[in-house]
Each structure stands twice: as structure tokens, then as C-alpha cells.
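A.B. asks: Dropping a structure here in C-alpha cells format, bear with me for questions.
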Amino acid sequence: MSAIYILWLRQIKRYFRSRPRIIASLGQPLLFLLALGFGFGPIFQKAGQGDYIQFLAPGVIGMSILFTAIFSGIELIWDRQFGFLKETLVAPVPRILIMAGRTLGGATVALFQGLVVVVICVLAGFRVTGFASLPVALLFMVLVAVMFTAMGTAIACVLSDFQGFQLVMNFLVMPIFFLSGALFPLTGLPKALEITAGLDPLTYGVDGLRGALIGVGHFSAALDVAVLSVIAAVLVAAGAYLFSRIQL
Amino acid sequence: MISVRNLVKNYGDFAAVKDISFDVAQGEIFAFLGPNGAGKTTTIKILTTLLKPTSGQVELDGLNPAVQHNEARKRFGIVFQDPSLDEELTAFENMDFHGVLYKVPGKVRAERIEKLLKLFELWDRRNDFVKQFSGGMKRRLEIARGLLHTPKIVFLDEPTLGLDPQTRNQLWTHVKKLNEEEQVTVFLTTHYMEEAERVAHRIAIIDHGKIVAQGTAAELKEQTGADTLENAFLKLTGSTIREEEAGSLDQMRNMARMFRQKRR
């Protein structure tokens, strides 16, 4: 347990010490919120869908968790490059605990980032309608954070350097975000896009958040939780397996 | 303390270590010398559980590092060839992190950290970030960290690479002192022959994955009829320069190094 704690603590310390990183990672959600939120707002309204900021905010919260979590997981590559990974791998600690500590630390950081973006969204005019379901919203944020940190870790176990990082960003992380229904409603989509969105794990996270925060969900909350839990469990297991096989 | 029998490690078609055998006794300082790419680091990685051998038997204090990982890991401390500190943490935090991972109880941990940081003259800088440290200070911190959990064996993989003569001298003085006072077994690699001659009780020379000679410095000189250990080494391993291809890791490290220098 103490091993998990110290690895978790390390991630937290590193995060809060790199202020430029915190500020930089808040820039992107802010840009999406302002440019898309206010830019598409009038059209969205005319289409009879209501306030776009209300619709978009849960998507932007999901996005910031997605990006922070994937990045926290992928940070493992840095540890490998700069040698610190070796220090943890020769320690008399089962690798599964190292992986658990890292993932919890990364997920905590991503969750915190998500909460900051919630505040930014509220400042930009987002109004939470379902206060009673705030704990449910928190649950969705935790699930999304754990799921994508584990995904980042699993990817980092396979990549040995940052050459492949752009590939991951453009062919995995960006599609996960853009196809998730974070930016558009899932009703009345072309069949192909509807199917792709259905396969995208973030879809269920954003949908669950939307349901909890503004009371409008495409799927039921129970289905969202079930899908996210299963995928998170699979990714954590995959990450743990790949991590246990790292040889330096 | 360390026993290696017929150790082989292949990477695909390439044989990095070809059937080597050697023993290191308890309390001994053993130097492993060889040109670049001879198989030194691969051997250390196998001894320290980071790599699995292709075949052969390895024993550390009676344990098999390939199977009894965690028991074996408690027995040794290691200073890697390249840095393995977390630069975003302070010197004290790096030590504490290590102590927690190795389950050194809180009170003992605090005492050991203080003692070791004082020994390596880093106590005054304990709350500074490692990224502000010079190469020599980082090395000292890594050695202090490797000793925190009172290991029976210490592996030093080219610990003096890139250090000035003062720091090197001080470092070996500490290592000798530790070996004499606490009976720590030391397994080291280096490219500086005079260092090996100064501190090591016994030396093995490895080339192309094979051990070509073993013995004390005097024995090696006698065997080859050379006047210095360096000449003995050159006679045994030839004078062709070994080209090591830089893997992606090395390239990345070089880039990181360049980047850091520019910022200074």
C-alpha cells in the first residue's frame, strides 16, 4: 500500500510543480468553449436545440480529462528515457502495485484538471441543472480518468520513444475526442458516424456527464456506467499486463 | 555472494553474452572491464532482474534473480550507467521515495537518509530540486540512494563517467570505506583502468560477450607481460575501436542532453 501511495504522491507533486503545464492544459478547453461555444451557439439555437454552451460544456470537461489522462499515462515514456523507470523496476515491489500507483496518480491529476474545467465552464455561463446528481457526475469523471490513464500507460509500454507520440495523438486521441459526441448530439447522425460514436468509449463518458449535469442523456446512466466500467477494467488489465512485461 | 554459470543472452541473432561464468565472494570488490558493447551492462541487467537470461544459472546471495525477483531486489543497490533520479523532486524526496519502496521503516529511514546525505556531502542541499544539481552531485545522490536500504551487494555501472578527477577520487574513497566498514560486496564496471586497479580486489575482462581473463590486477599484468593494467587490457581485447550503434534510447538521451545544455 505504501508503494502505491508514494507513486501516487510523486505524480501529484510533479503535476502541481509544473505550473506552465497546468496553464497550458487549461488553454485548450477554454478555446473550445469560447470559439465553438459562442461561435456555433446561434446556429445551434436556430436548429431548435437550445443553448450550445450547456450542451458543449460536458464535452469539454470530458475532453480535458481525456487529454490529461492519456498524457499522464504516456509520461511513462519520459520515465523510461530519463531512467527513473529503472529505479522503480529494480525495487522489491510487485509491478502491479507500481502500475496501480501510477494509474491512480495520473487519474487523480486528470480528475483535478476536469474539476478546474467545470469551474471555467461555470464562469463561461454553464449552468448545472441537476445538483442532486453531482456525485454521479463525479463518478463519470473518475471512470473516464482511470480508463484513459490506463490506456496511456498501456500505449507507453509498447512505444519505446516519443517518435510514435504524434501517431497516437492523431490516430487515437483526436478521433476519440471528435467522434465521441462531445461536440454534436448523437441523434439523427449518418449511420457510419453513429456506429463509430457507439464504439468510442468517451461517448459514454460525455453522455453520462451530460445526463448528470444538465439532465439530457442519449443512453441511460446505467448503460453508461456499465460500458465505462467494463472498458476501464479491460484497459487497466491490459496496462498491467504490458507493464509487467517491460524489459529494459 | 554472486555466482554466474554459463550465462547466455541473445537478442534475436545477436549474442550479447556468450557463456560466461564467474564468482564474487562476500565482501569483495569485483571489477568488470571491457570495451563498449562487450556485454557488461547486459550482465548487470540480468543480475539485477531487469532482463531474463536466455540460458545459464545466476545466483545472488543464494537467490535466482530471474525467479525470486523481490527477494533478490532487497539484497542489492544499484547505480545505473545513466541517471535514474527524478529531477522534478528534491534530493530528500528522491531518497524518501526509495526508502518507502524498499520498506525501510519511517524512523530508520529518516536516520539513514540524514547519515548518507551527510556522508556524501549533500545534506545542505537536501531540499533543492535534483535538476539544479551538477553531474557529480547527482552521482553522489544516486550512490547514497543505492545504499539506503543497507544492501549486501552494490552494483556500480560506470559510476564515474563524465566526472572530474576530484569527484572520482572522492567517490572511490567512499566506496572503499563502505566496503571495509560494512562488508558490502561491490560489483563495478568502468573504463578507467587506474580506478579498477586502485579499488578492485579482482578483475574480469570481458570482450565480445566472453570473459577473456580473470584475476587480480597483478595477475593480469603478469599473464600478459604488460607493465600497466591498461596495456594488459589492450593486449587482451585488441586495439580496434568498437562502434556501437546508437539505439533510439541513446539518440533521445543525446537530444535531451543537448537541449539541457542550451538552456543553461
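Scheme for the C-alpha cells: letters A, B, ... for chains in order shown; per-chain residue numbers from 1; ligand numbers from 1 in order shown.
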As a compact mmCIF listing (two decimals) with C-alpha atoms, in the first residue's frame, please: every residue in stretch 39-128 of chain B that DSSP puts in alpha helix (DSSP H).

C.D. replies:
```
# COMPACT_ATOMS: atom_id res chain seq x y z
CA LYS B 40 28.91 -5.54 -19.25
CA THR B 41 25.63 -3.73 -18.89
CA THR B 42 23.67 -6.72 -20.19
CA THR B 43 25.22 -8.86 -17.46
CA ILE B 44 24.38 -6.28 -14.81
CA LYS B 45 20.80 -6.08 -16.08
CA ILE B 46 20.43 -9.85 -15.77
CA LEU B 47 21.92 -9.84 -12.27
CA HIS B 69 12.69 -11.07 -8.08
CA ASN B 70 11.59 -9.31 -4.97
CA GLU B 71 13.76 -11.22 -2.52
CA ALA B 72 16.79 -10.66 -4.76
CA ARG B 73 15.97 -6.96 -5.21
CA LYS B 74 16.10 -6.34 -1.47
CA ARG B 75 19.68 -7.63 -1.43
CA ALA B 91 17.25 15.22 -3.16
CA PHE B 92 15.43 14.34 0.04
CA GLU B 93 12.26 13.29 -1.80
CA ASN B 94 14.26 11.03 -4.10
CA MET B 95 15.78 9.35 -1.03
CA ASP B 96 12.46 9.11 0.74
CA PHE B 97 10.75 7.65 -2.33
CA HIS B 98 13.40 4.95 -2.45
CA GLY B 99 13.10 4.27 1.28
CA VAL B 100 9.34 3.80 1.04
CA LEU B 101 9.62 1.48 -1.98
CA GLY B 106 10.00 5.57 8.99
CA LYS B 107 12.38 6.27 11.84
CA VAL B 108 15.28 4.25 10.44
CA ARG B 109 14.59 5.84 7.06
CA ALA B 110 14.98 9.38 8.38
CA GLU B 111 18.20 8.46 10.20
CA ARG B 112 19.72 6.65 7.23
CA ILE B 113 18.83 9.45 4.83
CA GLU B 114 20.48 12.00 7.09
CA LYS B 115 23.56 9.85 7.61
CA LEU B 116 24.03 9.09 3.92
CA LEU B 117 23.34 12.61 2.68
CA LYS B 118 25.87 13.91 5.19
CA LEU B 119 28.39 11.25 4.16
```

A.B. asks: Taking 6 positions as the minimum chain separation for residues in the same chain, which residues sit within 7 Å of B:Gly146 when counting only C-alpha atoms? Answer as a list in words.

C.D. replies: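 The residues that qualify are Gly77, Ile78 and Val79 of chain B.
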
A.B. asks: For C-alpha atoms, I'd like the residues from the last selection saved as a compact mmCIF listing (two decimals), in the first residue's frame.

C.D. replies:
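Contents of result_1.txt, freshly written:
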```
# COMPACT_ATOMS: atom_id res chain seq x y z
CA GLY B 77 21.59 -1.50 -4.54
CA ILE B 78 22.44 -0.22 -7.99
CA VAL B 79 23.85 2.89 -9.62
```

A.B. asks: Using only C-alpha atoms, find which residues of chain A lie within 7 Å of chain B and jot them down as a list in words.

C.D. replies: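 Selected residues: Ser2, Ala3, Ile6, Arg14, Gln81, Phe82, Gly83, Phe84, Lys86, Glu87, Val90, Ala91, Pro92, Val93, Gln247 and Leu248 of chain A.
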
A.B. asks: Store the residues of this selection in a file with C-alpha atoms, as a compact mmCIF listing (two decimals), in the first residue's frame.

C.D. replies:
```
# COMPACT_ATOMS: atom_id res chain seq x y z
CA SER A 2 2.78 2.43 0.90
CA ALA A 3 4.29 1.80 -2.54
CA ILE A 6 4.38 7.09 -2.75
CA ARG A 14 5.12 16.60 -10.33
CA GLN A 81 14.00 7.84 -21.30
CA PHE A 82 15.30 9.63 -18.25
CA GLY A 83 16.00 6.45 -16.38
CA PHE A 84 13.66 6.84 -13.44
CA LYS A 86 14.64 1.60 -13.77
CA GLU A 87 14.68 2.85 -10.20
CA VAL A 90 14.52 -2.81 -9.51
CA ALA A 91 12.65 -2.01 -6.28
CA PRO A 92 11.26 -5.01 -4.36
CA VAL A 93 7.69 -4.09 -5.25
CA GLN A 247 12.33 -5.33 -20.12
CA LEU A 248 14.95 -2.64 -20.22
```

A.B. asks: Contacts of B:Leu60 at 6 Å or less, counting only C-alpha atoms, minus same-chain residues fewer than 2 places along, as a PyMOL selection string?

C.D. replies: chain B and resi 1-2+62-63

A.B. asks: Which residue out of A:Met63, A:Ile96, A:Val230, A:Leu85 has the minimum interatomic distance to A:Leu202 when only C-alpha atoms are used?

C.D. replies: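 Selected residue with least distance to A:Leu202: A:Met63.
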
A.B. asks: Skip B:Val212 itself and residues of its chain fewer than 5 positions away, then list as a VMD selection string all residues within 9 Å of it, counting only C-alpha atoms.

C.D. replies: chain B and resid 204 to 207 236 to 237

A.B. asks: What is the distance between atom CA of B:His191 and atom CA of B:Asp23, in Å to one decimal?

C.D. replies: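 Those two atoms sit 21.1 Å apart.
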
A.B. asks: Figure out the distance between atom CA of A:Arg127 and atom CA of A:Phe40, please, to one decimal in Å.

C.D. replies: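 Atom CA of A:Arg127 lies at a distance of 18.0 Å from atom CA of A:Phe40.
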
A.B. asks: Counting only C-alpha atoms, figure out which residue out of B:Leu163, B:Leu171, B:Ile143, B:Ile29 gets nearest to B:Ile203.

C.D. replies: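 Of B:Leu163, B:Leu171, B:Ile143, B:Ile29, the one nearest B:Ile203, counting only C-alpha atoms, is B:Ile29.
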